[in-house]
Every structure is written in structure tokens, then in C-alpha cells.
Amino acid sequence: MRSFRAMTEPLRIVRCGVGTAGVAWLVDDDGRLRQLAAGPAWATATADLPAMLYPQAYPTIGDGDPFRATPLVVTHANGMLTTRLRVVNVDEADGHLDVVCRDELLVLTVTNHVRAHHDCDVVEQWVTIEHDEPGPITIADVDALCLQLMAAPDAEVCQFGGSGWADEWAWTTERLTPGTKLFDSYGGVQPHLQRSPVLLISPDGRSAETDVDLGVELDVEVAGTVLGLSIAWGGNTRFALDVRPLAGQESRSLRVRAGANSFAAPYVLDPGAVFRTPSVLWTWSTEGRGAVSDRFHRYTRAHALRDPGRTRAIVSNNWEATFFDFDEDRLRGLIERAAAVGAELFLLDDGWFGDRYPRDHDGQGLGDWMVDERKLPNGLAAVSAATIDAGLRFGIWVEPEMVNERSELYETHPEWVLRDARTPLEHRQQLLLDPLQPDVAAFIDGVVADAIAAGPGTSYVKWDANRPITDSGSSTLPADRQANVWTDLVWATWARMAAVAEAHPDVDLMLCASGGGRVDHGSLRWFHEFWTSDNTDPVTRVAMQWACSHFFPASAMAAHVTRWGERPMAFACAVALWGRFGIDLDLTALSDDDLAVVERAVVVAKRIRDVVQHGRLHRLVSPVDGPHAGRRAAVSYVSADRSRAVVLAYELEAGEREAAPDLLLRGLDPEATYDLVALPLTGDAASDVDVAGATGVRDGDALPWPLTEPLTASVLELTRRYRSHS
Ligand code: DGJ
């Protein structure tokens, strides 16, 4: 611990970062924390100007630029609204920096925490607040991160938000113009359904995918500078980008703030208690978006995903095949077929429970986690046994935080739901249980434990959540701090997820909230994967997976073949091969041709999945922007040792043949040649095509676009043949 009070140097510089991402801060003579650099200059920047000329690193009301929103707004115990923070201590070690600031008048401590993750080149920042004022304070607004940057006139931002259910991961890129742009989410439980808590900023103008693209002639100038950000928070989030013109300069000043969304959520904090913001993760690439993704994939594997090295099983889910309409015989039929096509895990979705209010539709039964004996007279045990006997693992769906009004649970415990004095609003005909209540917390843990126990051998649980917060109130909180519920609920839910993960270390957990409503780097820490979206129309899915792949690896991104969109089966399967492959089909009703395609796709999935799930992604042809938007897409994955690679190419719509792009092979061993085999999904192993022939292909080779017909796909496998210098 370094005490700045004791130090005599006029300018005191502290740094924390890794590679091209990091911050350099300095402490001015008055003890204010100022930002010397954020981004690549963090390691080398020197204080050449008087300290007062550098922007404040974490300004506050009453002590910052009065014309800009600040990352911290506090109402103090005595009613004062201003805060003036001065650095009192710095704790610095390899890869971590904690700067402790104290208010100059009041007993309030605010610590800026920075962690440099050397295993993935990602920086993590958060803030903690504690105080010993003579009564509670109210934190009206607090960000985890505040960066002061310069933005070119053509700086861009790319956001990932759609219209809601079945429209996650919509790609929108726009110019950053003067003013404040907010990217904020609401709803509390599934905010990411509307807007994913991730953002890409290209401060130097439109960014390229890779540094290779920087040299390629395009119709617009592209830059390599990309700042990727992710708010690791399972509740409402907010990015605020404030752009200000600078007198006499082309470039503009950009203040980036990020953290939990404080909308309607002022937090009352008692003396002695500690408030922690969520972490914001960020990285800074000078070589395009591809490097941002690579770093976030490495972060996800190293710090978020459970059992990241374990290759994921092929899941066969019954949801789209049966919805609520099944019985034991029907499930046995599906299990048998799932085993026959080579799936490895059967997942029984919603609809297996309820007694007085059987779960025949989503309007009743939620909360009554006793097996529906009409549908399953021999219990879950018979289904799990049939699954395991067929050689598959067994998985079960739960939605433990929710209850239908038409349920025995609600009749018994109406006081368990999240609400205030009004009659709570229904959403999907259900209400939200209040996890701040100890009995509810125990109930949630019990739902998962009992479901696992009821089906001996269960090794997978899909944890769903299908409604947002409407009635933000908790009987556990006093009247003056009801708004704390927006924050406390996230921590309480995470505590349940942590407890479940700890109690069932051998059970894989899937994170789902009406599709991708909870996909963030914070919630993911107790899960093995997430359900990317309920929208499985493969044409839409290609664009979603493209966007999602900017922050999450394929192993986390569950992708199932369904009949959404009624696309050709081979195309649907090829799109699912770009994620954790699974099936959500009525396998008992498929034509022989389609069944053969699914069977073949499972064989191909098993052959390529270790490369796709654990390999390095190279995005090749964008379906969301550029000349092929809406028409084509292609990606490749290269194994860590570069001995193998997989290329996935999709023709979405009919386009002009001559306009088709080349498939540029990237990231391969530059000293080797590779065998290149096409793996068609409409044949068997005998139909594999040796594309490269005797000469093989090399890194940097451009393959001609392999497709002509809309709704077709190509799966290519590359295997290193020899290394010329080995
Ligand atoms: C929403 C999920 O996204 C679906 O996959 C399915 O599990 C349903 N809930 C079940 O109610």
C-alpha cells in the first residue's frame, strides 16, 4: 500500500493494464485523480502538461466539469449533494490497482479497482463505496468505469439490441455525434433480451475486422482501433457516451461511462456497509474487431464459463417438438430417435410438473414442482432411466424464480412474490418470486435439487426466467430503501446460482431467460452455456451468432436445429454447427431424407466440435454489414495448435455469382500446408470431397466462394499435412 499523503513528488503516476488496454492515472497536487491515458498509451504516457490539464478520472458532482454527467452522484447523510474525492492510498501489485479516495469533508471512501487479466488482455474495473457518515447515504448514480477518450468526426459505435423476444443481438452501427448517447436496458430480470450489455466503439472511424482488412481496398477508410466493452451484470445496464466538440480541433472529447443502470434505483447505503458496482470488462484493439473477440473469448473461457475445456455434448431438446403436449411414451419415442441419430443428452423442457394446476400451458402450474403424474405416471425417474439406458445423459428444465398465479405455490405463499402494496402485474401470466426472502431463497435451491434428485443421473439443468420486474418492491426492505431491490435482487439471484452450482458440481447448467435474456459475463460464471435466442430461424440465427460471436465463444452459444423458417434441413444444421450443436426437432416425424441429414450433421458435429468450441475464431464474410450483408456469411475456427481448422460458409439469399467473396484462410500455421475436405451434410462420409487435392492449401490462400444456391452452406475441414521446417 502506498500512501500518497506521505509522498512528496509533485505528480504521482499509477498504471494498470495489459497489452494495448489499460489506464494511467496521476494524482494532482490537490489529491484529485486524473487520467493521463486510457488505451495503448497507458504503459508509456508521461505527464508532460501541468496535472490540472488532464481530465479527472472519476469526477463527481461539485468537483468535475459542471457541464458533463459524472460517474458518481451521492446524497450524503446530511443532505449535501456534492462530493469531492481525494486520493489517500494506492494499492498496486502486478496486474492490479486499487486507488482509494476519501471525500475531503465527509467520511466517504470510494475505491477505483482495476485488474489487468494477463491471460486474455482484458481489463476489469469496478468501484466500491463505503462510509461512516452519521446516517445512510443515497447513491443516486454510480458507474464502474469512466474513460476520457478522443473521437474522430467519423467515430462509430456498434450496439447489440433488438426489439425483444426472439430478436436478440441485432447489429446497429452508427456515427458518434456530439451529444450523449445512452445504451441502457430495463426490465431487471431479462434486460439483455432488449439490449445486450456489450458495445464496440471505433474512436478513429469505421473499424475493420482484422489488420489484413486494413490493407484491403474498400469503399471506405477503415481503422484498426476498437474498444470492446462488456458490463458483467445480470440486471439493468447502461453505457453513456458523451461526445463534446473541442474548440479549434477536428477530434472530439468522448466520455465513456458504463455500469448498472441507475434508473429508478437510487441505493440507500448504511454506514459500515460496502456497495460494489458490477465489473466492466474492456479491451482495446489496434488491429480490428477480431482481436477484441479473441480477447473476450479468452476472458470468457478463463473467468466466466464453467468447465471451459470440456467439449460440450450434443443436446436433443423436446421443446419445439412437443411444447407442453407430451407423455412418457412420447418422450420415450423422442429419446430413442435422439439416441439413433447420435445425440448425447436428452433435455426435457417445460411442462413436466403440476398437480392441481397441471402445466399444460404457460398460464398455470409454475411453482408446483411435483411431477405431473398424468403425463409421467412413473415420474421423472422413468424418463431419466430411459434416457440413460439409451446411452444419453439426461437434462431437465426449471424456472425456479417464478410462479403462476394459478398455482398451489401462489395460493399457499402469496407473500413470496416481488411486489409493493398494489396488486402485482402479471407477465406471461406469471409473477416473480422475491429471492431476498430467505424462504424463497431456500425454495429456489430446493427446486433445482429436487428436480435433479427426481431423475436419478440428471447431469444438465436449463435454468429459465420468463418475465421481467414490474412491481419493484420487497417486503424484506424498509420503506426508505425499496429502490435497493433493483440492485439487491441481482446479487440475491446470483447467490442462488452460485449455491446451485456449488451443490451440483457435476451438473452442467444452461442459462436461459426467454432466450438470450441473461447473456452477460457476470451471470455466466455459474453456467456452462446460454440459450442464445428462441429465434432459431437459421437465416436470422446467422446474423445473431455473428453479433454474439464478438463477445462469446461458440462453446457457450447453444444453437439448435429446429423447423423455424422451414429452411432446408442441411442449411439449418450447418447454422447450428456454428455453436454448441443441438437438435430441437420432432425426430419421430421427420422425413427419411431430413433424418439422414440430421444424422450426418451429428457425425460432422462430433468431428469438428472441438475445433469450433475451443478454437480461435476468424470472421470472414459479414452477414450484417458490408457488401454481403443479408446475403452471405462465413467464419473459420483454428485449433490452438493450428493443426486443424473449420470453415463455415452460408449463402443466405440469391446473389450475383461474380460478386461472391473469396474465403480467405486465416490464422493457419504459415509453415504448413493443409488438406482441405468439404463435409457435405446431404451424404455420408463417402461424399466428403478432397477440395485441395495433392497441393493442399496454405495460410492466406483465398478459396473461391463455394456456394451458388440460396439457403445452402458449406462445411470445410482443414488438417495440417506437414510442416516444411519441422
Ligand atoms: C423460454 C425458453 O427460451 C424456451 O427455450 C423454452 O424453454 C420456454 N421458455 C419454455 O417455457
# chains A, B, ... in the order shown; residues from 1 in each chain; ligands from 1
$ select_by_dssp --residues "stretch 232-300 of chain A" --states "strand (DSSP E)" --output "ChimeraX atom specification"
/A:232,237-245,252-260,267-269,274-276,279-285
$ write_last_selection --atoms "C-alpha atoms" --output "mmCIF file, in the first residue's frame"
data_model
loop_
_atom_site.group_PDB
_atom_site.id
_atom_site.type_symbol
_atom_site.label_atom_id
_atom_site.label_comp_id
_atom_site.auth_asym_id
_atom_site.auth_seq_id
_atom_site.Cartn_x
_atom_site.Cartn_y
_atom_site.Cartn_z
ATOM 1 C CA ALA A 232 -20.848 -8.099 -16.197
ATOM 2 C CA THR A 237 -27.165 -1.836 -17.549
ATOM 3 C CA ARG A 238 -26.146 1.442 -19.101
ATOM 4 C CA PHE A 239 -23.426 2.761 -21.365
ATOM 5 C CA ALA A 240 -23.341 6.550 -21.647
ATOM 6 C CA LEU A 241 -21.215 8.022 -24.434
ATOM 7 C CA ASP A 242 -20.905 11.772 -24.165
ATOM 8 C CA VAL A 243 -19.322 13.485 -27.178
ATOM 9 C CA ARG A 244 -18.227 17.124 -26.922
ATOM 10 C CA PRO A 245 -16.690 19.242 -29.668
ATOM 11 C CA ARG A 252 -13.937 15.497 -30.112
ATOM 12 C CA SER A 253 -13.834 14.596 -26.489
ATOM 13 C CA LEU A 254 -15.611 11.319 -25.640
ATOM 14 C CA ARG A 255 -16.505 10.373 -22.086
ATOM 15 C CA VAL A 256 -17.437 6.703 -21.769
ATOM 16 C CA ARG A 257 -19.327 5.652 -18.646
ATOM 17 C CA ALA A 258 -20.538 2.126 -18.001
ATOM 18 C CA GLY A 259 -22.163 0.166 -15.222
ATOM 19 C CA ALA A 260 -25.508 -0.817 -13.776
ATOM 20 C CA TYR A 267 -29.330 2.925 -3.487
ATOM 21 C CA VAL A 268 -29.538 3.669 0.227
ATOM 22 C CA LEU A 269 -26.316 2.595 1.938
ATOM 23 C CA VAL A 274 -19.965 -1.821 1.356
ATOM 24 C CA PHE A 275 -21.530 -1.105 -2.022
ATOM 25 C CA ARG A 276 -19.918 -2.733 -5.061
ATOM 26 C CA SER A 279 -17.408 -5.149 -13.111
ATOM 27 C CA VAL A 280 -16.993 -3.656 -16.533
ATOM 28 C CA LEU A 281 -14.631 -5.561 -18.802
ATOM 29 C CA TRP A 282 -12.901 -3.843 -21.635
ATOM 30 C CA THR A 283 -10.158 -4.266 -24.151
ATOM 31 C CA TRP A 284 -8.602 -2.072 -26.770
ATOM 32 C CA SER A 285 -7.542 -3.418 -30.115
#
$ residues_around --residues "stretch 117-131 of chain A" --least-positions-apart "6" --cutoff "7 Å" --atoms "only C-alpha atoms" --output "ChimeraX atom specification"
/A:17-19,21-22,95,107-111,144-145,271-283,295,298-299
$ residues_around --residues "stretch 700-703 of chain A" --least-positions-apart "5" --cutoff "7 Å" --atoms "only C-alpha atoms" --output "PyMOL selection string"
chain A and resi 662-666
$ residues_around --residues "A:Ile608" --least-positions-apart "4" --cutoff "10 Å" --atoms "only C-alpha atoms" --output "list in words"
Leu577, Trp578, Val602, Val603, Val604, Val612, Gln613, Tyr637, Arg644, Ala645, Val646, Val647, Val715, Leu716 and Glu717 of chain A
$ closest_residue --among "A:Val398, A:Cys573, A:Ala589, A:Ala51" --to "ligand 1" --atoms "only C-alpha atoms and all ligand atoms"
A:Val398
